[in-house]
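Below: one structure, written as structure tokens.
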Amino acid sequence: MRNNHFTGSHSLLRSLEHEGVEVVFGVPGGAILPAYDPLLDSPIRHVLARHEQGAGHMAEGYAMATGRVGVVFATSGPGATNLITPLQNAKMDSTPLVAITGQVGTSAIGSDAFQEAHTTGLAMHCTKHSYLVTSADEIPDIIHEAFHLASTGRPGPVLVDFPKDVLNAVTEWRTPTLSGLPGYKPTREGHPRQVKAAVEMIEASSRPVLYVGGGVIRAGATPELVALAEAANVPVVTTLMGRGAFPDSHRLALGMPGMHGVYAATTAMQKADLLIAIGVRFDDRVTGDVASFAPGAKVIHVDVDPAEIGKVRRADIPIVGDARSVLAAMVERVTERRVEGPAPERADWFAQLRDWQETHPLSYTQDPDGPIKAQYFIERLHAITGGDAVVTSGVGQHQMWASHFWQFEKPLSWINSGGLGTMGFAVPAAVGAKIARPDEVVFAIDGDGCFQMTAQELITATTENIPIKVAVLNNGAYGMVQQWQKLFYDGRISASDLGTTVPDYPKLAEAMGCVGLRVTHPDEVDIAIEKALSIEDRSVVIEVVIDPEEMVFPMVPAGGSNDHIAMGPEDL
Amino acid sequence: MTHHTLSVIVEDKPGVLARVSAMCSNRGFNIHSLAVGPTHMAGRSHITMVVDAPEVEQLKKQLHKLVNVIKVQELDTGRALETEVMMVRVSCEPAQRGELGGTADLFGARMVDLTSNTIAFEISGTPGHLGDFLDQVRPYGIVDLVKSGRIAMKQRSEKPLTLTPTASRT
């Protein structure tokens with residue numbers, strides 16, 4: 001029996017509750033208005049962002065801090081177009097996200113109505129899948145499918161577009177089914193014969209490297225990864241998205257490889273005879289020039305997405321499957337081998353790796369009189385927090401420094417924009433992460449350029465009482481752009497200077513209801529960090545005025561070979 | 001460039017063709033020919049794609065990733081059953097009609113329209129058959145030409161079927 005007061009909007013909220021959603025991030029508007037009314041009566045919390053891009057990154061931060069599906073609401077037209085960046089960001093970094101957008105009424109679609117955009121057409125290019133709901137009766141099944149698609153196989157963003165009349169239509173709710181996905185059958189278990197062959201190849205190798213990325217974090221496969229590395233005695237490199245998948249303090253950890261990678265990590269891959277690639281996609285920031293990348297290495301490639309295997313580099317042993325179940329199967333086989341005898345010692349390989357680590361460490365020089373080096377600030381932040389924090393970052397120099405100088409020990413503790421490189425990600429992602437993990441310190445390590453792109457979400461943090469910490473590493477520039485201009489454009493600085501005086505960051509922070517601090521001298525760093533950590537009822541922004549001349553090294557110029565790693569500007 | 005023929009079964013839903021073509025253009029796969037139509041199965045459509053793709057394995061995997069794609073098969077070009085429909089209008093003075101009509105008969109092309117100085121034919125067959133016919137009529141002058149795009153299906157038997165003479169016909 002139909003209840004005339006139960007509409008598509010009620011069905012939507014009921015469906016979200018059925019999926020276990022506890023919070024949605026969003027901005028209301030005309031077309032999605034009907035969905036905002038039953039939200040008042042729902043146990044689901046709504047976090048009112050100040051821009052849809054911010055709402056989207058909050059939902060991503062929430063998802064990346066928990067592994068659960070993040071949910072974002074936006075209205076039609078500009079609301080939906082403002083979501084494009086978070087959608088593509090989530091697609092590139094395989095983050096489970098469901099976007100609910102309002103759309104103009106069904107009869108107005110295609111008429112260039114007020115606030116109309118072809119949202120599903122736009123989303124086609126930046127989601128895993130998308131839906132235009134044509135009948136309110138479809139809502140339970142579509143929402144269930146959307147969550148299933150977002151969170152299984154290779155996770156990703158799914159968009160569901162709701163014409164306003166569908167939200168207003170009388171309907172009823174019923175328990176959803178997954179009968180509508182005849183073509184979607186992600187493979188979980190790796191093929192046993194391939195797993196066996198992979199283990200034989202690992203056992204026989206003399207210079208193996210585990211090349212580990214975000215897929216391990218999404219699969220929750222850290223215990224299995226550590227077990228495999230130890231049982232097979234294989235060193236591990238963690239990509240930007242894989243930081244935290246393997247503890248940095250572990251004797252087998254080499255750190256991050258690639259364009260700005262640790263020398264030992266990048267060079268280990270170049271000289272390896274075997275790459276065991278788990279949940280990675282041979283991204284150009286890791287491989288550099290593909291033709292000269294790891295020329296002597298055979299490749300075992302484990303990925304839940306078959307299209308990643310062989311896309312960039314041919315795999316000698318391809319294994320399609322969930323990282324956790326494949327790693328568990330590999331551990332089981334390696335453990336059997338250990339009954340027969342100890343793991344290969346590979347003494348020469350480990351001696352070589354130690355030598356590279358000792359001769360080419362990450363380094364910087366902090367003059368006690370200043371200026372502050374970003375690396376010093378991050379090391380102090382790590383020391384004072386004991387590493388006990390969730391770290392988010394934007395994109396650029398500060399991101400690379402955070403990735404290197406924070407020591408990651410746990411998965412889900414590093415939240416950044418890897419594939420798309422979205423500036424402005426840090427602050428809203430931190431808001432989302434803090435909602436997900438309210439008892440933990442969430443610290444956004446941001447740059448001044450990034451901060452200015454989405455800083456207004458600190459208003460959200462204040463009004464919604466979500467206290468985060470933000471360090472704005474201020475070098476008065478789009479630092480990475482300027483680094484390239486200094487290195488590759490004869491030092492001609494074009495449109496990358498931001499100036500260090502405007503805005504006044506502590507005042508801006510105060511205006512948004514936060515505590516604002518500024519440090520300009522190394523001696524002030526510890527005091528400011530301790531003060532920030534002592535404030536729990538409000539967000540805190542520390543402006544850290546850093547050395548604008550500092551550059552990120554090591555570096556392999558774009559398109560260059562990973563055989564030629566510059567440790568400083570003199571090497572370029 | 002090598003052509004590959006793919007037989008793709010998809011859900012018959014709005015926007016599925018757009019998803020397939022958007023993916024191809026996003027990832028730089030060049031579609032040579034595309035034909036879509038219903039199948040004998042309710043809710044299923046068949047897409048025949050002919051693509052210039054050196055990376056056909058990658059294309060097949062990317063097609064599979066589309067949620068509405070159910071099955072992707074690459075057809076062996078030499079052995080698959082392939083056909084295409086073409087309509088072609090050719091310049092033809094009344095005096096040339098007999099000669100041109102004879103050529104059309106040899107190819108099994110059917111006249112579908114006649115004006116004082118043109119003839120339009122409809123012809124179906126393999127791409128080679130259509131190409132041969134075009135070679136014959138090109139000298140008359142082609143006024144207009146439309147092709148349906150190639151459709152293809154897998155051959156059921158290993159060997160091409162041959163007709164066996166019936167006993168009654170001696």
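By order in the structure tokens, chains are A, B, ...; within a chain, residues start at 1; ligands start at 1, following the order shown.
Proximity to chain B at a cut-off of 6 Å picks out A:Gly183, A:Tyr184, A:Ala307 on chain A, counting only C-alpha atoms.
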How about saving the chosen residues, N, CA and C atoms kept, as an mmCIF file, in the first residue's frame?
data_model
loop_
_atom_site.group_PDB
_atom_site.id
_atom_site.type_symbol
_atom_site.label_atom_id
_atom_site.label_comp_id
_atom_site.auth_asym_id
_atom_site.auth_seq_id
_atom_site.Cartn_x
_atom_site.Cartn_y
_atom_site.Cartn_z
ATOM 1 N N GLY A 183 26.670 -7.662 -15.728
ATOM 2 C CA GLY A 183 28.017 -7.606 -16.307
ATOM 3 C C GLY A 183 29.102 -7.297 -15.293
ATOM 4 N N TYR A 184 28.775 -7.293 -14.006
ATOM 5 C CA TYR A 184 29.745 -6.861 -12.998
ATOM 6 C C TYR A 184 30.092 -8.014 -12.062
ATOM 7 N N ALA A 307 42.452 -4.490 -16.099
ATOM 8 C CA ALA A 307 42.925 -3.533 -17.095
ATOM 9 C C ALA A 307 44.231 -2.860 -16.683
#
Once DSSP has gone over the backbone, tell me which residues of chain B are in strand (DSSP E or B), as number ranges by chain. B: 3-11, 30-38, 44-52, 69-75, 81-91, 110-114, 118-125, 142-147, 151-153
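Put simply, CA of Met400 (chain A) is 11.5 Å away from CA of Arg243 (chain A).
Between CA of His360 (chain A) and CA of Ala265 (chain A) lies a distance of 10.5 Å.
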Per-residue nearest contacts of region 158-208 of chain A to region 312-324 of chain A (6 Å; only C-alpha atoms) as JSON lines:
{"residue": "A:Thr187", "atom": "CA", "partner": "A:Gly321", "partner_atom": "CA", "distance": 5.3}
{"residue": "A:Arg188", "atom": "CA", "partner": "A:Gly321", "partner_atom": "CA", "distance": 4.4}
{"residue": "A:Glu189", "atom": "CA", "partner": "A:Gly321", "partner_atom": "CA", "distance": 5.1}
{"residue": "A:Gly190", "atom": "CA", "partner": "A:Gly321", "partner_atom": "CA", "distance": 4.8}
Include N, CA and C atoms and write out the residues we just selected as a compact mmCIF listing (two decimals), in the first residue's frame.
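Contents of out-v6.txt, freshly written:
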# COMPACT_ATOMS: atom_id res chain seq x y z
N THR A 187 36.78 -10.15 -9.77
CA THR A 187 37.50 -11.34 -9.31
C THR A 187 38.16 -11.03 -7.98
N ARG A 188 37.95 -11.88 -6.99
CA ARG A 188 38.58 -11.67 -5.68
C ARG A 188 39.80 -12.56 -5.48
N GLU A 189 39.61 -13.84 -5.78
CA GLU A 189 40.67 -14.80 -5.48
C GLU A 189 41.64 -14.87 -6.65
N GLY A 190 42.93 -14.85 -6.36
CA GLY A 190 43.92 -15.03 -7.41
C GLY A 190 43.93 -16.48 -7.86
Give me, as a list of chain:residue names, all polymer residues having an atom no more than 9 Å from region 33-46 of chain B, counting only C-alpha atoms and skipping those fewer than 4 positions away in the same chain. B:Ser7, B:Val8, B:Ile9, B:Val10, B:Glu11, B:Asp12, B:Lys13, B:Leu17, B:Val50, B:Val51, B:Ile70, B:Ser148, B:Gly149, B:Arg150, B:Ile151
For the residues in that selection, give me C-alpha atoms as a CSV table (one decimal), in the first residue's frame.
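The result, stored in selection-v1.csv:
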chain,number,residue,atom,x,y,z
B,7,SER,CA,31.5,-8.6,-30.6
B,8,VAL,CA,30.1,-7.0,-27.5
B,9,ILE,CA,27.0,-7.9,-25.6
B,10,VAL,CA,25.6,-5.0,-23.5
B,11,GLU,CA,22.6,-4.2,-21.4
B,12,ASP,CA,19.9,-2.5,-23.5
B,13,LYS,CA,19.8,0.7,-21.4
B,17,LEU,CA,26.5,3.3,-26.5
B,50,VAL,CA,35.8,-2.7,-35.8
B,51,VAL,CA,38.7,-0.9,-34.3
B,70,ILE,CA,28.3,-8.2,-20.3
B,148,SER,CA,25.6,0.6,-42.1
B,149,GLY,CA,28.7,-0.4,-40.3
B,150,ARG,CA,29.8,-4.0,-40.1
B,151,ILE,CA,27.9,-6.6,-38.1
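When CA of Leu381 (chain A) is paired with CA of Asp367 (chain A), their separation reads 17.7 Å.
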Considering only C-alpha atoms, return as a ChimeraX atom specification whatever protein or nucleic-acid residues lie within 6 Å of region 470-473 of chain A, sequence-local ones (same chain, fewer than 3 positions apart) excluded. /A:443-448,541-544
Name all residues at most 6 Å from Ser292 (chain A) (count only C-alpha atoms; drop same-chain ones fewer than 3 positions away) and give them as a list in words. Asp289, Pro295 and Ser561 of chain A
Those of chain B in DSSP alpha helix (DSSP H), formatted as a PyMOL selection string: chain B and resi 16-26+56-65+97-107+127-137
Output N, CA and C atoms for every residue in the selection just made, as a CSV table (one decimal), in the first residue's frame.
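That gives us result29.csv:
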chain,number,residue,atom,x,y,z
B,16,VAL,N,24.2,3.5,-22.9
B,16,VAL,CA,25.3,2.5,-22.9
B,16,VAL,C,26.2,2.7,-24.1
B,17,LEU,N,25.6,3.0,-25.3
B,17,LEU,CA,26.5,3.3,-26.5
B,17,LEU,C,27.4,4.5,-26.2
B,18,ALA,N,26.8,5.5,-25.5
B,18,ALA,CA,27.6,6.7,-25.2
B,18,ALA,C,28.8,6.3,-24.3
B,19,ARG,N,28.5,5.4,-23.3
B,19,ARG,CA,29.6,5.0,-22.4
B,19,ARG,C,30.7,4.3,-23.2
B,20,VAL,N,30.3,3.4,-24.1
B,20,VAL,CA,31.3,2.7,-24.9
B,20,VAL,C,32.1,3.7,-25.8
B,21,SER,N,31.4,4.6,-26.5
B,21,SER,CA,32.2,5.5,-27.3
B,21,SER,C,33.0,6.5,-26.5
B,22,ALA,N,32.5,6.9,-25.4
B,22,ALA,CA,33.2,7.9,-24.5
B,22,ALA,C,34.5,7.2,-24.0
B,23,MET,N,34.4,6.0,-23.6
B,23,MET,CA,35.6,5.3,-23.2
B,23,MET,C,36.6,5.2,-24.3
B,24,CYS,N,36.1,4.8,-25.5
B,24,CYS,CA,37.1,4.7,-26.6
B,24,CYS,C,37.8,6.0,-26.9
B,25,SER,N,37.0,7.1,-26.9
B,25,SER,CA,37.7,8.4,-27.2
B,25,SER,C,38.6,8.8,-26.1
B,26,ASN,N,38.1,8.6,-24.8
B,26,ASN,CA,39.0,9.0,-23.7
B,26,ASN,C,40.3,8.3,-23.7
B,56,VAL,N,44.7,-4.1,-28.5
B,56,VAL,CA,43.3,-4.6,-28.5
B,56,VAL,C,43.0,-5.3,-27.1
B,57,GLU,N,44.0,-5.9,-26.5
B,57,GLU,CA,43.8,-6.5,-25.2
B,57,GLU,C,43.3,-5.5,-24.2
B,58,GLN,N,44.0,-4.3,-24.2
B,58,GLN,CA,43.7,-3.2,-23.3
B,58,GLN,C,42.2,-2.8,-23.6
B,59,LEU,N,41.9,-2.6,-24.9
B,59,LEU,CA,40.5,-2.2,-25.2
B,59,LEU,C,39.5,-3.2,-24.7
B,60,LYS,N,39.8,-4.5,-24.8
B,60,LYS,CA,38.8,-5.5,-24.3
B,60,LYS,C,38.6,-5.4,-22.8
B,61,LYS,N,39.8,-5.2,-22.1
B,61,LYS,CA,39.7,-5.0,-20.7
B,61,LYS,C,38.9,-3.8,-20.3
B,62,GLN,N,39.2,-2.7,-21.0
B,62,GLN,CA,38.4,-1.4,-20.7
B,62,GLN,C,37.0,-1.6,-20.9
B,63,LEU,N,36.6,-2.3,-22.0
B,63,LEU,CA,35.2,-2.5,-22.3
B,63,LEU,C,34.6,-3.3,-21.2
B,64,HIS,N,35.3,-4.4,-20.7
B,64,HIS,CA,34.8,-5.2,-19.6
B,64,HIS,C,34.5,-4.4,-18.4
B,65,LYS,N,35.4,-3.4,-18.2
B,65,LYS,CA,35.2,-2.6,-16.9
B,65,LYS,C,33.9,-1.8,-16.9
B,97,ARG,N,22.1,2.1,-68.5
B,97,ARG,CA,21.4,1.4,-67.5
B,97,ARG,C,21.5,-0.1,-67.7
B,98,GLY,N,21.5,-0.6,-68.9
B,98,GLY,CA,21.6,-2.0,-69.1
B,98,GLY,C,22.9,-2.6,-68.6
B,99,GLU,N,24.0,-1.9,-69.0
B,99,GLU,CA,25.3,-2.4,-68.6
B,99,GLU,C,25.5,-2.4,-67.1
B,100,LEU,N,25.1,-1.3,-66.5
B,100,LEU,CA,25.2,-1.1,-65.0
B,100,LEU,C,24.3,-2.1,-64.3
B,101,GLY,N,23.1,-2.3,-64.8
B,101,GLY,CA,22.2,-3.3,-64.3
B,101,GLY,C,22.8,-4.7,-64.3
B,102,GLY,N,23.5,-5.0,-65.4
B,102,GLY,CA,24.1,-6.3,-65.5
B,102,GLY,C,25.2,-6.5,-64.4
B,103,THR,N,26.0,-5.5,-64.2
B,103,THR,CA,27.0,-5.5,-63.2
B,103,THR,C,26.4,-5.7,-61.8
B,104,ALA,N,25.3,-4.9,-61.5
B,104,ALA,CA,24.6,-5.0,-60.2
B,104,ALA,C,24.1,-6.5,-60.0
B,105,ASP,N,23.5,-7.1,-61.1
B,105,ASP,CA,23.0,-8.4,-60.9
B,105,ASP,C,24.1,-9.4,-60.5
B,106,LEU,N,25.3,-9.2,-61.1
B,106,LEU,CA,26.4,-10.1,-60.8
B,106,LEU,C,26.8,-10.1,-59.3
B,107,PHE,N,26.6,-8.9,-58.7
B,107,PHE,CA,26.9,-8.7,-57.3
B,107,PHE,C,25.8,-8.9,-56.4
B,127,PRO,N,32.8,-7.0,-46.3
B,127,PRO,CA,33.5,-5.7,-46.8
B,127,PRO,C,34.2,-5.9,-48.1
B,128,GLY,N,34.8,-7.1,-48.4
B,128,GLY,CA,35.4,-7.3,-49.6
B,128,GLY,C,34.5,-7.3,-50.8
B,129,HIS,N,33.3,-7.9,-50.6
B,129,HIS,CA,32.3,-7.9,-51.7
B,129,HIS,C,31.8,-6.5,-52.0
B,130,LEU,N,31.6,-5.7,-51.0
B,130,LEU,CA,31.1,-4.3,-51.2
B,130,LEU,C,32.2,-3.5,-51.9
B,131,GLY,N,33.5,-3.8,-51.5
B,131,GLY,CA,34.6,-3.1,-52.1
B,131,GLY,C,34.7,-3.4,-53.6
B,132,ASP,N,34.5,-4.7,-53.9
B,132,ASP,CA,34.6,-5.1,-55.3
B,132,ASP,C,33.5,-4.4,-56.1
B,133,PHE,N,32.3,-4.4,-55.6
B,133,PHE,CA,31.2,-3.7,-56.3
B,133,PHE,C,31.5,-2.2,-56.5
B,134,LEU,N,32.1,-1.6,-55.5
B,134,LEU,CA,32.4,-0.2,-55.6
B,134,LEU,C,33.4,0.0,-56.7
B,135,ASP,N,34.4,-0.8,-56.8
B,135,ASP,CA,35.4,-0.7,-57.9
B,135,ASP,C,34.8,-0.7,-59.2
B,136,GLN,N,33.7,-1.6,-59.4
B,136,GLN,CA,33.1,-1.7,-60.7
B,136,GLN,C,32.2,-0.5,-61.0
B,137,VAL,N,31.6,0.2,-60.0
B,137,VAL,CA,30.7,1.3,-60.3
B,137,VAL,C,31.4,2.6,-60.2
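Residues in contact with Leu81 (chain B) at 7 Å, where only C-alpha atoms are counted and same-chain residues fewer than 4 positions away are skipped, are listed as Ala152, Met153, Lys154 and Gln155 of chain B.
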So that I can check the surroundings of Met423 (chain A), please list as a PyMOL selection string every protein, DNA and RNA residue that reaches within 8 Å of it, counting only C-alpha atoms and ignoring chain neighbours fewer than 6 positions away. chain A and resi 394-396+417+449-450+453
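Proximity ranking of A:Ile44, A:Leu254, A:Ala31, A:Ala389 relative to Gly105 (chain A) places A:Ala31 first, based on only C-alpha atoms.
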Choose the residue, out of B:Thr126, B:Gln96, B:Asn30, B:Ser91, that has the smallest atom-to-atom separation from Arg79 (chain B); count only C-alpha atoms. B:Thr126
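Of the residues under consideration (A:Ala509, A:Gly419, A:Val481, A:Ile529), A:Ile529 shows the shortest atom-to-atom contact distance to Thr385 (chain A) when counting only C-alpha atoms.
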